[in-house]
$ cat run.pdb   # PDB, C-alpha atoms and all ligand atoms
ATOM      1  CA  MET N  15     175.018  54.827  73.809  1.00  0.00           C
ATOM      2  CA  LYS N  16     174.211  51.925  76.143  1.00  0.00           C
ATOM      3  CA  ILE N  17     170.803  51.682  77.806  1.00  0.00           C
ATOM      4  CA  ALA N  18     169.001  49.189  80.055  1.00  0.00           C
ATOM      5  CA  ILE N  19     165.595  47.745  79.199  1.00  0.00           C
ATOM      6  CA  ALA N  20     163.169  45.719  81.309  1.00  0.00           C
ATOM      7  CA  SER N  21     159.527  44.684  81.390  1.00  0.00           C
ATOM      8  CA  ASP N  22     157.036  42.516  83.206  1.00  0.00           C
ATOM      9  CA  HIS N  23     154.987  39.847  81.410  1.00  0.00           C
ATOM     10  CA  ALA N  24     152.587  42.456  79.957  1.00  0.00           C
ATOM     11  CA  GLY N  25     155.443  44.332  78.341  1.00  0.00           C
ATOM     12  CA  TYR N  26     157.532  41.343  77.322  1.00  0.00           C
ATOM     13  CA  GLN N  27     156.588  41.260  73.613  1.00  0.00           C
ATOM     14  CA  MET N  28     157.071  45.015  73.278  1.00  0.00           C
ATOM     15  CA  LYS N  29     160.472  44.743  74.994  1.00  0.00           C
ATOM     16  CA  GLU N  30     161.648  42.057  72.586  1.00  0.00           C
ATOM     17  CA  GLN N  31     160.639  44.108  69.532  1.00  0.00           C
ATOM     18  CA  MET N  32     162.089  47.267  71.073  1.00  0.00           C
ATOM     19  CA  LYS N  33     165.479  45.544  71.491  1.00  0.00           C
ATOM     20  CA  GLN N  34     165.485  44.790  67.764  1.00  0.00           C
ATOM     21  CA  HIS N  35     164.663  48.433  66.981  1.00  0.00           C
ATOM     22  CA  LEU N  36     167.405  49.677  69.292  1.00  0.00           C
ATOM     23  CA  THR N  37     169.977  47.411  67.687  1.00  0.00           C
ATOM     24  CA  GLU N  38     168.942  48.617  64.228  1.00  0.00           C
ATOM     25  CA  THR N  39     169.409  52.230  65.338  1.00  0.00           C
ATOM     26  CA  GLY N  40     172.842  51.609  66.878  1.00  0.00           C
ATOM     27  CA  VAL N  41     171.815  51.637  70.534  1.00  0.00           C
ATOM     28  CA  GLU N  42     173.397  48.996  72.781  1.00  0.00           C
ATOM     29  CA  TRP N  43     171.187  47.516  75.494  1.00  0.00           C
ATOM     30  CA  ILE N  44     171.343  45.456  78.668  1.00  0.00           C
ATOM     31  CA  ASP N  45     168.238  43.292  79.166  1.00  0.00           C
ATOM     32  CA  CYS N  46     167.205  43.205  82.845  1.00  0.00           C
ATOM     33  CA  GLY N  47     164.308  40.761  82.228  1.00  0.00           C
ATOM     34  CA  THR N  48     161.690  39.419  82.359  1.00  0.00           C
ATOM     35  CA  ASN N  49     162.494  36.639  79.930  1.00  0.00           C
ATOM     36  CA  ASN N  50     159.047  35.301  79.057  1.00  0.00           C
ATOM     37  CA  ASP N  51     155.365  36.194  79.343  1.00  0.00           C
ATOM     38  CA  THR N  52     154.699  34.292  82.572  1.00  0.00           C
ATOM     39  CA  SER N  53     153.083  36.539  85.188  1.00  0.00           C
ATOM     40  CA  CYS N  54     155.684  38.288  87.357  1.00  0.00           C
ATOM     41  CA  ASP N  55     156.133  41.288  89.666  1.00  0.00           C
ATOM     42  CA  TYR N  56     157.136  44.501  87.871  1.00  0.00           C
ATOM     43  CA  PRO N  57     158.887  46.183  90.892  1.00  0.00           C
ATOM     44  CA  VAL N  58     161.598  43.504  90.760  1.00  0.00           C
ATOM     45  CA  PHE N  59     162.501  44.418  87.190  1.00  0.00           C
ATOM     46  CA  ALA N  60     162.210  48.154  87.770  1.00  0.00           C
ATOM     47  CA  GLN N  61     164.718  47.834  90.606  1.00  0.00           C
ATOM     48  CA  LYS N  62     167.171  45.782  88.515  1.00  0.00           C
ATOM     49  CA  LEU N  63     167.091  48.364  85.742  1.00  0.00           C
ATOM     50  CA  CYS N  64     167.574  51.302  88.127  1.00  0.00           C
ATOM     51  CA  HIS N  65     170.585  49.518  89.619  1.00  0.00           C
ATOM     52  CA  GLU N  66     172.238  49.310  86.174  1.00  0.00           C
ATOM     53  CA  ILE N  67     171.812  53.058  85.713  1.00  0.00           C
ATOM     54  CA  LEU N  68     173.036  54.023  89.167  1.00  0.00           C
ATOM     55  CA  CYS N  69     176.085  51.730  88.793  1.00  0.00           C
ATOM     56  CA  GLY N  70     176.981  53.510  85.552  1.00  0.00           C
ATOM     57  CA  ASN N  71     176.471  50.429  83.369  1.00  0.00           C
ATOM     58  CA  ALA N  72     173.677  52.142  81.436  1.00  0.00           C
ATOM     59  CA  GLU N  73     173.023  55.786  80.644  1.00  0.00           C
ATOM     60  CA  LYS N  74     169.231  55.573  80.481  1.00  0.00           C
ATOM     61  CA  GLY N  75     166.469  52.994  80.793  1.00  0.00           C
ATOM     62  CA  ILE N  76     163.247  51.835  79.184  1.00  0.00           C
ATOM     63  CA  LEU N  77     160.664  50.114  81.420  1.00  0.00           C
ATOM     64  CA  ILE N  78     157.563  48.478  79.969  1.00  0.00           C
ATOM     65  CA  CYS N  79     154.498  47.106  81.768  1.00  0.00           C
ATOM     66  CA  GLY N  80     150.797  47.016  80.897  1.00  0.00           C
ATOM     67  CA  THR N  81     150.099  50.689  81.566  1.00  0.00           C
ATOM     68  CA  GLY N  82     153.618  51.975  82.298  1.00  0.00           C
ATOM     69  CA  ILE N  83     152.252  53.304  85.579  1.00  0.00           C
ATOM     70  CA  GLY N  84     153.392  50.559  87.961  1.00  0.00           C
ATOM     71  CA  MET N  85     156.890  50.681  86.515  1.00  0.00           C
ATOM     72  CA  SER N  86     157.031  54.478  86.844  1.00  0.00           C
ATOM     73  CA  ILE N  87     155.884  54.414  90.465  1.00  0.00           C
ATOM     74  CA  ALA N  88     158.451  51.719  91.308  1.00  0.00           C
ATOM     75  CA  ALA N  89     161.345  53.443  89.506  1.00  0.00           C
ATOM     76  CA  ASN N  90     160.620  56.835  91.042  1.00  0.00           C
ATOM     77  CA  LYS N  91     161.097  55.337  94.530  1.00  0.00           C
ATOM     78  CA  VAL N  92     164.791  54.962  93.720  1.00  0.00           C
ATOM     79  CA  ARG N  93     166.940  57.992  94.563  1.00  0.00           C
ATOM     80  CA  GLY N  94     168.631  59.373  91.469  1.00  0.00           C
ATOM     81  CA  ILE N  95     166.034  57.980  89.096  1.00  0.00           C
ATOM     82  CA  ARG N  96     163.692  60.311  87.247  1.00  0.00           C
ATOM     83  CA  ALA N  97     161.161  58.130  85.463  1.00  0.00           C
ATOM     84  CA  ALA N  98     158.571  59.510  83.051  1.00  0.00           C
ATOM     85  CA  LEU N  99     155.506  57.758  81.703  1.00  0.00           C
ATOM     86  CA  CYS N 100     155.627  58.482  77.972  1.00  0.00           C
ATOM     87  CA  SER N 101     152.706  58.155  75.591  1.00  0.00           C
ATOM     88  CA  ASP N 102     152.998  61.203  73.310  1.00  0.00           C
ATOM     89  CA  CYS N 103     155.828  62.904  71.421  1.00  0.00           C
ATOM     90  CA  PHE N 104     155.561  66.329  73.082  1.00  0.00           C
ATOM     91  CA  SER N 105     155.756  65.065  76.686  1.00  0.00           C
ATOM     92  CA  THR N 106     158.551  62.672  75.794  1.00  0.00           C
ATOM     93  CA  LYS N 107     160.623  65.491  74.280  1.00  0.00           C
ATOM     94  CA  TYR N 108     160.009  67.864  77.178  1.00  0.00           C
ATOM     95  CA  THR N 109     160.663  65.348  79.922  1.00  0.00           C
ATOM     96  CA  ARG N 110     164.190  65.123  78.517  1.00  0.00           C
ATOM     97  CA  LEU N 111     164.585  68.876  77.923  1.00  0.00           C
ATOM     98  CA  HIS N 112     163.217  69.998  81.293  1.00  0.00           C
ATOM     99  CA  ASN N 113     163.283  67.028  83.714  1.00  0.00           C
ATOM    100  CA  ASP N 114     166.439  65.242  82.490  1.00  0.00           C
ATOM    101  CA  SER N 115     164.481  62.005  82.895  1.00  0.00           C
ATOM    102  CA  ASN N 116     166.759  59.003  82.845  1.00  0.00           C
ATOM    103  CA  VAL N 117     164.052  56.343  82.548  1.00  0.00           C
ATOM    104  CA  MET N 118     161.087  56.207  80.200  1.00  0.00           C
ATOM    105  CA  CYS N 119     158.078  54.033  81.007  1.00  0.00           C
ATOM    106  CA  LEU N 120     155.801  52.635  78.310  1.00  0.00           C
ATOM    107  CA  GLY N 121     152.377  50.988  78.528  1.00  0.00           C
ATOM    108  CA  ALA N 122     152.279  48.025  76.184  1.00  0.00           C
ATOM    109  CA  ARG N 123     148.495  47.765  76.613  1.00  0.00           C
ATOM    110  CA  VAL N 124     148.060  51.476  75.903  1.00  0.00           C
ATOM    111  CA  ILE N 125     150.211  52.322  72.883  1.00  0.00           C
ATOM    112  CA  GLY N 126     151.326  50.394  69.815  1.00  0.00           C
ATOM    113  CA  GLN N 127     154.807  49.249  68.891  1.00  0.00           C
ATOM    114  CA  GLY N 128     155.287  51.936  66.236  1.00  0.00           C
ATOM    115  CA  LEU N 129     154.588  54.804  68.624  1.00  0.00           C
ATOM    116  CA  ALA N 130     156.653  53.156  71.374  1.00  0.00           C
ATOM    117  CA  GLU N 131     159.675  53.028  69.064  1.00  0.00           C
ATOM    118  CA  GLU N 132     159.192  56.642  67.921  1.00  0.00           C
ATOM    119  CA  LEU N 133     158.973  57.761  71.560  1.00  0.00           C
ATOM    120  CA  ALA N 134     162.138  55.814  72.394  1.00  0.00           C
ATOM    121  CA  ASP N 135     163.982  57.564  69.540  1.00  0.00           C
ATOM    122  CA  ILE N 136     162.877  60.973  70.859  1.00  0.00           C
ATOM    123  CA  PHE N 137     163.768  60.080  74.445  1.00  0.00           C
ATOM    124  CA  LEU N 138     167.229  58.793  73.597  1.00  0.00           C
ATOM    125  CA  ASN N 139     168.143  61.633  71.223  1.00  0.00           C
ATOM    126  CA  THR N 140     166.928  64.705  73.122  1.00  0.00           C
ATOM    127  CA  PHE N 141     169.352  66.492  75.427  1.00  0.00           C
ATOM    128  CA  PHE N 142     168.663  68.162  78.780  1.00  0.00           C
ATOM    129  CA  GLU N 143     168.444  71.941  78.465  1.00  0.00           C
ATOM    130  CA  GLY N 144     170.061  72.616  81.865  1.00  0.00           C
ATOM    131  CA  GLY N 145     169.932  76.253  83.055  1.00  0.00           C
ATOM    132  CA  LYS N 146     166.989  76.982  85.348  1.00  0.00           C
ATOM    133  CA  HIS N 147     165.834  73.368  85.019  1.00  0.00           C
ATOM    134  CA  LEU N 148     168.987  72.043  86.715  1.00  0.00           C
ATOM    135  CA  LYS N 149     168.167  73.742  90.013  1.00  0.00           C
ATOM    136  CA  ARG N 150     164.663  72.284  89.904  1.00  0.00           C
ATOM    137  CA  ILE N 151     165.715  68.707  89.328  1.00  0.00           C
ATOM    138  CA  GLU N 152     168.361  69.051  92.069  1.00  0.00           C
ATOM    139  CA  MET N 153     165.479  69.846  94.413  1.00  0.00           C
ATOM    140  CA  PHE N 154     164.182  66.271  93.906  1.00  0.00           C
ATOM    141  CA  GLU N 155     167.151  64.965  95.881  1.00  0.00           C
TER     142      GLU N 155
HETATM  143  C1  LIG O 201     149.950  43.384  84.991  1.00  0.00           C
HETATM  144  O1  LIG O 201     148.726  42.794  84.852  1.00  0.00           O
HETATM  145  C2  LIG O 201     149.790  44.882  85.132  1.00  0.00           C
HETATM  146  O2  LIG O 201     149.197  45.186  86.351  1.00  0.00           O
HETATM  147  C3  LIG O 201     151.141  45.570  85.009  1.00  0.00           C
HETATM  148  O3  LIG O 201     151.715  45.232  83.798  1.00  0.00           O
HETATM  149  C4  LIG O 201     151.138  47.085  85.045  1.00  0.00           C
HETATM  150  O4  LIG O 201     150.229  47.612  84.139  1.00  0.00           O
HETATM  151  C5  LIG O 201     151.064  47.709  86.353  1.00  0.00           C
HETATM  152  O5  LIG O 201     151.068  48.940  86.500  1.00  0.00           O
END
$ encode --input "run.pdb" --output "structure tokens" --more "lines below"
Ligand code: RB5
Amino acid sequence: MKIAIASDHAGYQMKEQMKQHLTETGVEWIDCGTNNDTSCDYPVFAQKLCHEILCGNAEKGILICGTGIGMSIAANKVRGIRAALCSDCFSTKYTRLHNDSNVMCLGARVIGQGLAEELADIFLNTFFEGGKHLKRIEMFE
């Protein structure tokens, strides 16, 4: 599986550690920036990541900012992107099962690295249930 990952300055350290975790678990990634912890504008990186998904270069995406909220608002402006702010295991599992979310957003100032990595594992390994949920997500478009 190949995914895209991006952050702003607040999520930079978490992104770097997450890349290491992904590699260790056999997940390939494309890094859409940022490349350091200098203050930057998260919508720029959200847009780059969404582009990689819509072009077919990546199957899913992980966006990280301070709260995860700015990134989720920005990503959900892009048609075809279903971004979910993830901070617990149950919601992360069900946003895949029921919403077929293709982007997860994490708050590096809200949750720790260990939980972030566990949530990423759940997000990347849970499959959409389809059925009645398909009609509902088609209504987004
Ligand atoms: C940056 O200070 C912070 O505003 C950003 O990382 C994010 O939390 C926005 O939603």
$ residues_around --input "run.pdb" --residues "stretch 80-95 of chain N" --least-positions-apart "2" --cutoff "7 Å" --atoms "all atoms listed in the file" --output "JSON, numbers by chain"
{"N": [24, 25, 56, 57, 60, 61, 64, 77, 78, 97, 98, 99, 116, 119, 120, 121, 122, 123, 124]}
$ axis_aligned_box --input "run.pdb" --around "ligand LIG 201 (chain O)" --padding-each-side "6 Å" --output "AutoDock Vina command-line options"
--center_x 150.2 --center_y 45.9 --center_z 85.1 --size_x 15.0 --size_y 18.1 --size_z 14.7
$ closest_residue --input "run.pdb" --among "N:Thr39, N:Asn71, N:Ser105, N:Gln27" --to "N:Asp51" --atoms "only C-alpha atoms"
N:Gln27
$ resolve_selection --input "run.pdb" --expression "the PyMOL selection byres (((chain N and resi 32) around 10) and not hetatm)" --output "list of chain:residue names"
N:Ile19, N:Tyr26, N:Gln27, N:Met28, N:Lys29, N:Glu30, N:Gln31, N:Lys33, N:Gln34, N:His35, N:Leu36, N:Thr37, N:Glu38, N:Ile76, N:Gln127, N:Gly128, N:Ala130, N:Glu131, N:Ala134
$ write_last_selection --input "run.pdb" --atoms "C-alpha atoms" --output "CSV table (one decimal), in the frame of the given file"
chain,number,residue,atom,x,y,z
N,19,ILE,CA,165.6,47.7,79.2
N,26,TYR,CA,157.5,41.3,77.3
N,27,GLN,CA,156.6,41.3,73.6
N,28,MET,CA,157.1,45.0,73.3
N,29,LYS,CA,160.5,44.7,75.0
N,30,GLU,CA,161.6,42.1,72.6
N,31,GLN,CA,160.6,44.1,69.5
N,33,LYS,CA,165.5,45.5,71.5
N,34,GLN,CA,165.5,44.8,67.8
N,35,HIS,CA,164.7,48.4,67.0
N,36,LEU,CA,167.4,49.7,69.3
N,37,THR,CA,170.0,47.4,67.7
N,38,GLU,CA,168.9,48.6,64.2
N,76,ILE,CA,163.2,51.8,79.2
N,127,GLN,CA,154.8,49.2,68.9
N,128,GLY,CA,155.3,51.9,66.2
N,130,ALA,CA,156.7,53.2,71.4
N,131,GLU,CA,159.7,53.0,69.1
N,134,ALA,CA,162.1,55.8,72.4
$ resolve_selection --input "run.pdb" --expression "the PyMOL selection byres (((chain N and resi 53) around 9) and not hetatm)" --output "PyMOL selection string"
chain N and resi 22-24+50-52+54-55
$ closest_residue --input "run.pdb" --among "N:His112, N:Lys74, N:Phe154, N:Phe59" --to "ligand LIG 201 (chain O)" --atoms "all atoms listed in the file"
N:Phe59
$ residues_around --input "run.pdb" --residues "N:Ile136" --least-positions-apart "2" --cutoff "9 Å" --atoms "only C-alpha atoms" --output "PyMOL selection string"
chain N and resi 103+106-107+110+131-134+138-140
